[in-house]
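**Student:** Following this line is data.csv, made up of CSV, N, CA and C atoms:
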chain,number,residue,atom,x,y,z
A,362,MET,N,11.0,-2.2,15.8
A,362,MET,CA,9.8,-1.8,16.5
A,362,MET,C,8.9,-1.0,15.6
A,363,ALA,N,7.6,-1.1,15.7
A,363,ALA,CA,6.7,-0.4,14.9
A,363,ALA,C,6.6,1.1,15.3
A,364,ASP,N,6.3,1.9,14.3
A,364,ASP,CA,6.1,3.4,14.7
A,364,ASP,C,4.9,3.5,15.6
A,365,ARG,N,5.0,4.5,16.4
A,365,ARG,CA,4.0,4.8,17.4
A,365,ARG,C,2.8,5.5,16.6
A,366,ILE,N,1.6,5.2,17.0
A,366,ILE,CA,0.4,5.8,16.4
A,366,ILE,C,0.2,7.1,17.3
A,367,THR,N,0.1,8.2,16.6
A,367,THR,CA,0.0,9.5,17.3
A,367,THR,C,-1.3,10.2,17.0
A,368,SER,N,-2.2,9.7,16.1
A,368,SER,CA,-3.4,10.4,15.8
A,368,SER,C,-4.5,9.4,15.4
A,369,PRO,N,-5.7,9.8,15.6
A,369,PRO,CA,-6.8,8.9,15.1
A,369,PRO,C,-6.8,8.6,13.6
A,370,ASP,N,-6.3,9.6,12.8
A,370,ASP,CA,-6.1,9.3,11.4
A,370,ASP,C,-5.1,8.2,11.1
A,371,GLN,N,-4.0,8.2,11.8
A,371,GLN,CA,-3.1,7.1,11.7
A,371,GLN,C,-3.7,5.8,12.0
A,372,LEU,N,-4.4,5.7,13.1
A,372,LEU,CA,-5.1,4.5,13.6
A,372,LEU,C,-6.1,4.0,12.5
A,373,LYS,N,-6.8,5.0,12.0
A,373,LYS,CA,-7.8,4.6,10.9
A,373,LYS,C,-7.1,4.1,9.7
A,374,ALA,N,-6.0,4.7,9.3
A,374,ALA,CA,-5.3,4.2,8.1
A,374,ALA,C,-4.7,2.8,8.3
A,375,LEU,N,-4.2,2.6,9.5
A,375,LEU,CA,-3.7,1.2,9.9
A,375,LEU,C,-4.8,0.2,9.9
A,376,ALA,N,-6.0,0.5,10.4
A,376,ALA,CA,-7.1,-0.4,10.4
A,376,ALA,C,-7.6,-0.7,9.0
A,377,GLU,N,-7.6,0.3,8.1
A,377,GLU,CA,-8.0,0.1,6.7
A,377,GLU,C,-7.1,-0.8,6.0
A,378,LYS,N,-5.8,-0.6,6.2
A,378,LYS,CA,-4.7,-1.4,5.6
A,378,LYS,C,-4.9,-2.9,6.1
A,379,ALA,N,-5.1,-3.1,7.3
A,379,ALA,CA,-5.3,-4.5,7.9
A,379,ALA,C,-6.6,-5.1,7.3
A,380,LYS,N,-7.6,-4.3,7.2
A,380,LYS,CA,-8.9,-4.9,6.6
A,380,LYS,C,-8.7,-5.2,5.2
A,381,ALA,N,-8.0,-4.4,4.4
A,381,ALA,CA,-7.7,-4.8,3.0
A,381,ALA,C,-7.0,-6.1,2.9
A,382,GLY,N,-6.0,-6.3,3.8
A,382,GLY,CA,-5.2,-7.6,3.7
A,382,GLY,C,-6.1,-8.7,4.1
A,383,ILE,N,-7.0,-8.6,5.0
A,383,ILE,CA,-8.0,-9.7,5.4
A,383,ILE,C,-8.9,-9.9,4.2
A,384,ASP,N,-9.5,-8.9,3.6
A,384,ASP,CA,-10.4,-9.0,2.5
A,384,ASP,C,-9.8,-9.7,1.3
A,385,LEU,N,-8.5,-9.5,1.1
A,385,LEU,CA,-7.8,-10.1,0.0
A,385,LEU,C,-7.7,-11.6,0.2
A,386,ARG,N,-7.7,-12.1,1.4
A,386,ARG,CA,-7.5,-13.5,1.7
A,386,ARG,C,-8.8,-14.2,2.1
A,387,ASP,N,-9.9,-13.4,2.1
A,387,ASP,CA,-11.2,-13.9,2.6
A,387,ASP,C,-12.1,-14.5,1.5
A,388,GLY,N,-12.4,-15.7,1.6
A,388,GLY,CA,-13.4,-16.3,0.7
A,388,GLY,C,-12.9,-16.5,-0.7
A,389,ARG,N,-13.7,-16.9,-1.6
A,389,ARG,CA,-13.4,-17.2,-3.0
A,389,ARG,C,-14.1,-16.1,-3.8
A,390,LYS,N,-13.3,-15.5,-4.6
A,390,LYS,CA,-13.8,-14.5,-5.5
A,390,LYS,C,-13.7,-15.0,-6.9
A,391,GLU,N,-14.0,-14.1,-7.9
A,391,GLU,CA,-14.0,-14.5,-9.3
A,391,GLU,C,-12.7,-15.1,-9.7
A,392,THR,N,-11.6,-14.6,-9.3
A,392,THR,CA,-10.3,-15.1,-9.7
A,392,THR,C,-9.6,-15.5,-8.4
A,393,GLN,N,-9.0,-16.7,-8.4
A,393,GLN,CA,-8.3,-17.2,-7.2
A,393,GLN,C,-6.8,-17.3,-7.5
A,394,VAL,N,-6.0,-16.7,-6.7
A,394,VAL,CA,-4.6,-16.8,-6.9
A,394,VAL,C,-4.1,-17.7,-5.7
A,395,THR,N,-3.5,-18.8,-6.1
A,395,THR,CA,-3.1,-19.8,-5.1
A,395,THR,C,-1.6,-20.0,-5.2
A,396,VAL,N,-0.9,-19.7,-4.1
A,396,VAL,CA,0.6,-19.9,-4.0
A,396,VAL,C,0.8,-21.3,-3.4
A,397,HIS,N,1.6,-22.1,-4.0
A,397,HIS,CA,1.9,-23.5,-3.5
A,397,HIS,C,3.0,-23.4,-2.5
A,398,MET,N,2.6,-23.9,-1.3
A,398,MET,CA,3.5,-23.8,-0.1
A,398,MET,C,3.9,-25.1,0.5
A,399,GLY,N,4.2,-26.1,-0.4
A,399,GLY,CA,4.8,-27.3,0.1
A,399,GLY,C,6.2,-27.0,0.6
A,400,THR,N,6.8,-28.0,1.2
A,400,THR,CA,8.2,-27.8,1.7
A,400,THR,C,9.1,-27.3,0.6
A,401,CYS,N,9.0,-27.8,-0.6
A,401,CYS,CA,9.9,-27.4,-1.7
A,401,CYS,C,9.5,-25.9,-2.0
A,402,GLY,N,8.3,-25.5,-2.0
A,402,GLY,CA,7.9,-24.2,-2.3
A,402,GLY,C,8.4,-23.2,-1.3
A,403,ILE,N,8.3,-23.5,0.0
A,403,ILE,CA,8.7,-22.7,1.0
A,403,ILE,C,10.2,-22.5,0.9
A,404,ALA,N,10.9,-23.6,0.7
A,404,ALA,CA,12.4,-23.5,0.6
A,404,ALA,C,12.8,-22.7,-0.6
A,405,ALA,N,12.0,-22.6,-1.7
A,405,ALA,CA,12.3,-21.9,-2.9
A,405,ALA,C,11.9,-20.4,-2.8
A,406,GLY,N,11.2,-20.0,-1.7
A,406,GLY,CA,10.8,-18.6,-1.5
A,406,GLY,C,9.3,-18.3,-1.6
A,407,ALA,N,8.5,-19.3,-1.4
A,407,ALA,CA,7.0,-19.1,-1.6
A,407,ALA,C,6.5,-18.1,-0.6
A,408,ARG,N,7.1,-18.0,0.6
A,408,ARG,CA,6.6,-17.0,1.6
A,408,ARG,C,6.7,-15.6,1.0
A,409,GLU,N,7.9,-15.3,0.4
A,409,GLU,CA,8.1,-14.0,-0.2
A,409,GLU,C,7.1,-13.8,-1.4
A,410,ILE,N,6.7,-14.8,-2.1
A,410,ILE,CA,5.8,-14.7,-3.2
A,410,ILE,C,4.4,-14.4,-2.7
A,411,VAL,N,4.0,-15.0,-1.6
A,411,VAL,CA,2.7,-14.6,-1.0
A,411,VAL,C,2.7,-13.1,-0.6
A,412,ALA,N,3.8,-12.7,0.0
A,412,ALA,CA,3.9,-11.3,0.5
A,412,ALA,C,3.9,-10.4,-0.7
A,413,ALA,N,4.6,-10.8,-1.8
A,413,ALA,CA,4.6,-9.9,-3.0
A,413,ALA,C,3.2,-9.9,-3.7
A,414,PHE,N,2.5,-11.0,-3.7
A,414,PHE,CA,1.1,-10.9,-4.3
A,414,PHE,C,0.2,-10.1,-3.4
A,415,MET,N,0.3,-10.2,-2.1
A,415,MET,CA,-0.5,-9.4,-1.2
A,415,MET,C,-0.2,-7.9,-1.5
A,416,ALA,N,1.0,-7.5,-1.5
A,416,ALA,CA,1.4,-6.1,-1.7
A,416,ALA,C,0.9,-5.6,-3.1
A,417,GLU,N,1.2,-6.3,-4.1
A,417,GLU,CA,0.9,-5.9,-5.5
A,417,GLU,C,-0.6,-5.9,-5.8
A,418,MET,N,-1.3,-6.9,-5.3
A,418,MET,CA,-2.8,-6.9,-5.4
A,418,MET,C,-3.4,-5.7,-4.7
A,419,ALA,N,-2.9,-5.5,-3.5
A,419,ALA,CA,-3.5,-4.3,-2.7
A,419,ALA,C,-3.2,-3.0,-3.4
A,420,ALA,N,-1.9,-2.9,-3.9
A,420,ALA,CA,-1.5,-1.6,-4.5
A,420,ALA,C,-2.4,-1.4,-5.8
A,421,ALA,N,-2.7,-2.5,-6.5
A,421,ALA,CA,-3.5,-2.3,-7.7
A,421,ALA,C,-5.0,-2.2,-7.4
A,422,GLY,N,-5.4,-2.3,-6.2
A,422,GLY,CA,-6.8,-2.2,-5.8
A,422,GLY,C,-7.7,-3.3,-6.3
A,423,ILE,N,-7.1,-4.5,-6.4
A,423,ILE,CA,-7.9,-5.6,-6.9
A,423,ILE,C,-8.9,-6.1,-5.9
A,424,THR,N,-10.2,-6.2,-6.3
A,424,THR,CA,-11.2,-6.6,-5.4
A,424,THR,C,-11.9,-7.9,-5.9
A,425,THR,N,-11.6,-8.3,-7.1
A,425,THR,CA,-12.3,-9.4,-7.7
A,425,THR,C,-11.4,-10.7,-7.6
A,426,ALA,N,-10.3,-10.7,-7.0
A,426,ALA,CA,-9.4,-11.8,-6.8
A,426,ALA,C,-9.1,-12.0,-5.3
A,427,SER,N,-9.0,-13.3,-5.0
A,427,SER,CA,-8.6,-13.7,-3.6
A,427,SER,C,-7.3,-14.4,-3.6
A,428,LEU,N,-6.5,-14.3,-2.6
A,428,LEU,CA,-5.2,-15.0,-2.5
A,428,LEU,C,-5.3,-16.1,-1.5
A,429,HIS,N,-4.8,-17.3,-1.9
A,429,HIS,CA,-4.8,-18.5,-1.0
A,429,HIS,C,-3.5,-19.2,-1.0
A,430,GLN,N,-3.3,-20.1,-0.1
A,430,GLN,CA,-2.1,-20.9,0.0
A,430,GLN,C,-2.6,-22.4,-0.1
A,431,THR,N,-1.7,-23.2,-0.6
A,431,THR,CA,-2.0,-24.7,-0.7
A,431,THR,C,-0.7,-25.4,-0.6
A,432,GLY,N,-0.8,-26.7,-0.6
A,432,GLY,CA,0.4,-27.5,-0.5
A,432,GLY,C,1.1,-27.7,-1.8
A,433,CYS,N,1.9,-28.8,-1.9
A,433,CYS,CA,2.7,-29.1,-3.0
A,433,CYS,C,1.8,-29.4,-4.2
A,434,ALA,N,2.3,-29.0,-5.4
A,434,ALA,CA,1.6,-29.3,-6.7
A,434,ALA,C,2.3,-30.4,-7.4
A,435,GLY,N,3.4,-30.9,-6.9
A,435,GLY,CA,4.2,-31.9,-7.5
A,435,GLY,C,5.1,-31.4,-8.6
A,436,LEU,N,5.3,-30.1,-8.7
A,436,LEU,CA,6.2,-29.6,-9.7
A,436,LEU,C,7.4,-28.8,-9.0
A,437,CYS,N,8.1,-29.6,-8.2
A,437,CYS,CA,9.1,-29.0,-7.3
A,437,CYS,C,10.1,-28.1,-8.1
A,438,GLU,N,10.4,-28.6,-9.3
A,438,GLU,CA,11.4,-27.9,-10.1
A,438,GLU,C,10.9,-26.5,-10.6
A,439,GLU,N,9.7,-26.2,-10.5
A,439,GLU,CA,9.1,-25.0,-10.9
A,439,GLU,C,8.8,-24.0,-9.7
A,440,GLU,N,9.1,-24.4,-8.5
A,440,GLU,CA,8.9,-23.6,-7.3
A,440,GLU,C,9.8,-22.4,-7.3
A,441,PRO,N,9.4,-21.3,-6.7
A,441,PRO,CA,8.0,-21.0,-6.2
A,441,PRO,C,7.1,-20.8,-7.4
A,442,MET,N,5.8,-21.3,-7.2
A,442,MET,CA,4.9,-21.2,-8.2
A,442,MET,C,3.5,-20.8,-7.7
A,443,THR,N,2.6,-20.4,-8.6
A,443,THR,CA,1.3,-20.1,-8.3
A,443,THR,C,0.3,-20.6,-9.4
A,444,THR,N,-0.9,-20.8,-9.0
A,444,THR,CA,-2.0,-21.2,-9.9
A,444,THR,C,-3.0,-20.1,-9.9
A,445,ILE,N,-3.4,-19.6,-11.0
A,445,ILE,CA,-4.5,-18.6,-11.1
A,445,ILE,C,-5.7,-19.3,-11.7
A,446,THR,N,-6.8,-19.4,-11.0
A,446,THR,CA,-8.0,-20.0,-11.5
A,446,THR,C,-9.0,-18.9,-11.7
A,447,GLN,N,-9.5,-18.8,-12.9
A,447,GLN,CA,-10.5,-17.8,-13.3
A,447,GLN,C,-11.9,-18.3,-13.2
A,448,VAL,N,-12.9,-17.5,-13.2
A,448,VAL,CA,-14.3,-17.8,-12.9
A,448,VAL,C,-14.8,-18.8,-13.9
A,449,ASP,N,-14.3,-18.9,-15.1
A,449,ASP,CA,-14.7,-19.8,-16.2
A,449,ASP,C,-14.0,-21.2,-16.0
A,450,GLY,N,-13.1,-21.3,-15.0
A,450,GLY,CA,-12.4,-22.6,-14.7
A,450,GLY,C,-11.1,-22.7,-15.4
A,451,SER,N,-10.7,-21.7,-16.1
A,451,SER,CA,-9.4,-21.7,-16.7
A,451,SER,C,-8.3,-21.6,-15.7
A,452,LEU,N,-7.2,-22.5,-15.9
A,452,LEU,CA,-6.1,-22.5,-14.9
A,452,LEU,C,-4.8,-22.0,-15.6
A,453,TYR,N,-4.1,-21.2,-14.9
A,453,TYR,CA,-2.8,-20.7,-15.4
A,453,TYR,C,-1.8,-21.0,-14.3
A,454,ARG,N,-0.7,-21.7,-14.6
A,454,ARG,CA,0.3,-22.0,-13.6
A,454,ARG,C,1.6,-21.3,-14.0
A,455,TYR,N,2.0,-20.5,-13.1
A,455,TYR,CA,3.2,-19.7,-13.3
A,455,TYR,C,4.3,-20.3,-12.4
A,456,GLY,N,5.5,-20.4,-12.9
A,456,GLY,CA,6.6,-21.0,-12.1
A,456,GLY,C,7.9,-20.1,-12.1
A,457,LEU,N,8.8,-20.5,-11.2
A,457,LEU,CA,10.1,-19.9,-11.0
A,457,LEU,C,9.9,-18.4,-10.7
A,458,LEU,N,9.0,-18.1,-9.8
A,458,LEU,CA,8.6,-16.7,-9.6
A,458,LEU,C,9.5,-15.9,-8.7
A,459,ASP,N,9.5,-14.6,-8.9
A,459,ASP,CA,10.2,-13.7,-8.0
A,459,ASP,C,9.3,-12.5,-7.9
A,460,GLY,N,9.7,-11.5,-7.1
A,460,GLY,CA,8.9,-10.3,-6.9
A,460,GLY,C,8.6,-9.5,-8.2
A,461,GLU,N,9.5,-9.4,-9.1
A,461,GLU,CA,9.3,-8.7,-10.4
A,461,GLU,C,8.3,-9.5,-11.3
A,462,LYS,N,8.4,-10.8,-11.3
A,462,LYS,CA,7.4,-11.6,-12.1
A,462,LYS,C,6.0,-11.4,-11.5
A,463,VAL,N,5.9,-11.4,-10.2
A,463,VAL,CA,4.6,-11.2,-9.5
A,463,VAL,C,4.0,-9.9,-9.9
A,464,LYS,N,4.8,-8.9,-9.9
A,464,LYS,CA,4.4,-7.5,-10.3
A,464,LYS,C,3.8,-7.5,-11.7
A,465,THR,N,4.5,-8.2,-12.6
A,465,THR,CA,4.1,-8.3,-14.0
A,465,THR,C,2.8,-9.1,-14.1
A,466,ILE,N,2.7,-10.2,-13.4
A,466,ILE,CA,1.5,-11.0,-13.4
A,466,ILE,C,0.3,-10.3,-12.9
A,467,VAL,N,0.5,-9.5,-11.9
A,467,VAL,CA,-0.6,-8.7,-11.3
A,467,VAL,C,-1.0,-7.7,-12.4
A,468,GLU,N,-0.1,-6.9,-12.9
A,468,GLU,CA,-0.4,-5.9,-13.9
A,468,GLU,C,-1.0,-6.4,-15.1
A,469,GLN,N,-0.4,-7.4,-15.7
A,469,GLN,CA,-0.9,-7.9,-17.0
A,469,GLN,C,-2.0,-8.9,-17.0
A,470,HIS,N,-2.0,-9.9,-16.0
A,470,HIS,CA,-3.0,-10.9,-16.0
A,470,HIS,C,-4.2,-10.5,-15.1
A,471,LEU,N,-3.9,-10.1,-13.9
A,471,LEU,CA,-5.0,-9.8,-13.0
A,471,LEU,C,-5.7,-8.5,-13.3
A,472,VAL,N,-5.0,-7.5,-13.7
A,472,VAL,CA,-5.5,-6.2,-14.0
A,472,VAL,C,-5.9,-6.1,-15.5
A,473,GLY,N,-4.9,-6.5,-16.3
A,473,GLY,CA,-5.1,-6.4,-17.8
A,473,GLY,C,-5.9,-7.5,-18.5
A,474,GLY,N,-6.0,-8.7,-17.8
A,474,GLY,CA,-6.7,-9.8,-18.4
A,474,GLY,C,-6.0,-10.7,-19.4
A,475,SER,N,-4.6,-10.4,-19.5
A,475,SER,CA,-3.8,-11.2,-20.5
A,475,SER,C,-2.8,-12.0,-19.7
A,476,PRO,N,-2.9,-13.3,-19.8
A,476,PRO,CA,-1.8,-14.2,-19.1
A,476,PRO,C,-0.5,-13.8,-19.6
A,477,VAL,N,0.5,-14.0,-18.8
A,477,VAL,CA,1.9,-13.7,-19.1
A,477,VAL,C,2.6,-14.9,-19.6
A,478,ASP,N,2.5,-15.1,-20.9
A,478,ASP,CA,3.0,-16.4,-21.5
A,478,ASP,C,4.4,-16.8,-21.2
A,479,ALA,N,5.3,-15.8,-21.0
A,479,ALA,CA,6.7,-16.0,-20.7
A,479,ALA,C,6.9,-16.7,-19.4
A,480,PHE,N,6.0,-16.5,-18.4
A,480,PHE,CA,6.2,-17.1,-17.1
A,480,PHE,C,5.3,-18.4,-16.9
A,481,LEU,N,4.5,-18.7,-17.8
A,481,LEU,CA,3.6,-19.9,-17.7
A,481,LEU,C,4.5,-21.2,-17.7
A,482,ILE,N,4.1,-22.1,-16.9
A,482,ILE,CA,4.7,-23.5,-16.9
A,482,ILE,C,4.1,-24.2,-18.2
A,483,LYS,N,5.0,-24.6,-19.0
A,483,LYS,CA,4.6,-25.2,-20.3
A,483,LYS,C,4.4,-26.7,-20.0
A,484,LYS,N,3.3,-27.3,-20.6
A,484,LYS,CA,3.1,-28.7,-20.5
A,484,LYS,C,4.0,-29.4,-21.5
A,485,THR,N,4.6,-30.5,-21.0
A,485,THR,CA,5.5,-31.3,-21.9
A,485,THR,C,4.9,-32.6,-22.2
Take the structure from the file and write it as structure tokens.
**Tutor:**
Amino acid sequence: MADRITSPDQLKALAEKAKAGIDLRDGRKETQVTVHMGTCGIAAGAREIVAAFMAEMAAAGITTASLHQTGCAGLCEEEPMTTITQVDGSLYRYGLLDGEKVKTIVEQHLVGGSPVDAFLIKKT
């Protein structure tokens, strides 16, 4: 059960946190982070990856990126995965994600501007 709200300040903080989560998923911004949520992605842990991106992006104070969900990308063996689309149209696909990889992607790619080569899905 959730903690009881006992002051106007607690209510305000809760409202701001909820608004930040909505803003993160609202509309298309300069950078789009898309988590693939087909059946294979969900089975591999994509729900946890969405939650990790939400938490890490909010903690980093990112306002120029939006978080989205989509269906299968046809790369089931790489799930859970995400595609980051930048304003110039560049696509980066990251696969076999977990919470620590998400944290690194947010820090290095979304905040620092440098894709994390070790986690990128390589074209064969």
**Student:** Record the distance separating atom CA of Cys433 of chain A and atom CA of Val396 of chain A, expressed in Å with one decimal.
**Tutor:**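 Atom-to-atom, atom CA of Cys433 of chain A to atom CA of Val396 of chain A, that is 9.5 Å.
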**Student:** Quick one: distance from atom CA of Ser368 of chain A to atom N of Glu417 of chain A in Å, one decimal?
**Tutor:**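 These two atoms are separated by 26.4 Å.
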**Student:** What does the distance from atom CA of Met442 of chain A to atom CA of Glu377 of chain A come to in Å, to one decimal?
**Tutor:**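 Going from atom CA of Met442 of chain A over to atom CA of Glu377 of chain A covers 29.0 Å.
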**Student:** Please identify all polymer residues within 6.5 Å of Ala426 of chain A, counting all atoms listed in the file, omitting same-chain residues fewer than 5 positions from it, and present them as a list of chain:residue names.
**Tutor:**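 Residues meeting the cut-off are A:Leu385, A:Lys390, A:Glu391, A:Thr392, A:Gln393, A:Val394.
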**Student:** Those same residues, written as a short mmCIF file (atom, residue, chain, number, x, y, z; two decimals), in the frame of the given file with N, CA and C atoms?
**Tutor:**
data_model
loop_
_atom_site.label_atom_id
_atom_site.label_comp_id
_atom_site.auth_asym_id
_atom_site.auth_seq_id
_atom_site.Cartn_x
_atom_site.Cartn_y
_atom_site.Cartn_z
N LEU A 385 -8.50 -9.50 1.10
CA LEU A 385 -7.80 -10.10 0.00
C LEU A 385 -7.70 -11.60 0.20
N LYS A 390 -13.30 -15.50 -4.60
CA LYS A 390 -13.80 -14.50 -5.50
C LYS A 390 -13.70 -15.00 -6.90
N GLU A 391 -14.00 -14.10 -7.90
CA GLU A 391 -14.00 -14.50 -9.30
C GLU A 391 -12.70 -15.10 -9.70
N THR A 392 -11.60 -14.60 -9.30
CA THR A 392 -10.30 -15.10 -9.70
C THR A 392 -9.60 -15.50 -8.40
N GLN A 393 -9.00 -16.70 -8.40
CA GLN A 393 -8.30 -17.20 -7.20
C GLN A 393 -6.80 -17.30 -7.50
N VAL A 394 -6.00 -16.70 -6.70
CA VAL A 394 -4.60 -16.80 -6.90
C VAL A 394 -4.10 -17.70 -5.70
#
**Student:** Within 10 Å of Glu468 of chain A, counting only C-alpha atoms, which residues qualify if same-chain residues fewer than 4 places away don't, as a VMD selection string?
**Tutor:** chain A and resid 417 to 418 421 462 to 464 472 to 477
**Student:** Taking the chain letters and numbering used in this document, name the residues of chain A that DSSP puts in strand (DSSP E or B), as a list in words.
**Tutor:** Thr392, Gln393, Val394, Thr395, Val396, His397, Ala426, Ser427, Leu428, His429, Gln430, Thr431, Thr443, Thr444, Ile445, Thr446, Leu452, Tyr453, Arg454, Tyr455 and Leu481 of chain A
**Student:** If you run DSSP on this backbone, which residues of chain A come out as helix (DSSP H, G or I), and could you give them as a ChimeraX atom specification?
**Tutor:** /A:369-385,400-405,407-420,437-439,460-472,478-480
**Student:** Please list as JSON, numbers by chain every residue within 6.5 Å of Thr431 of chain A, counting all atoms listed in the file and excluding residues in the same chain fewer than 2 positions away.
**Tutor:** {"A": [395, 396, 397, 398, 399, 429, 433]}
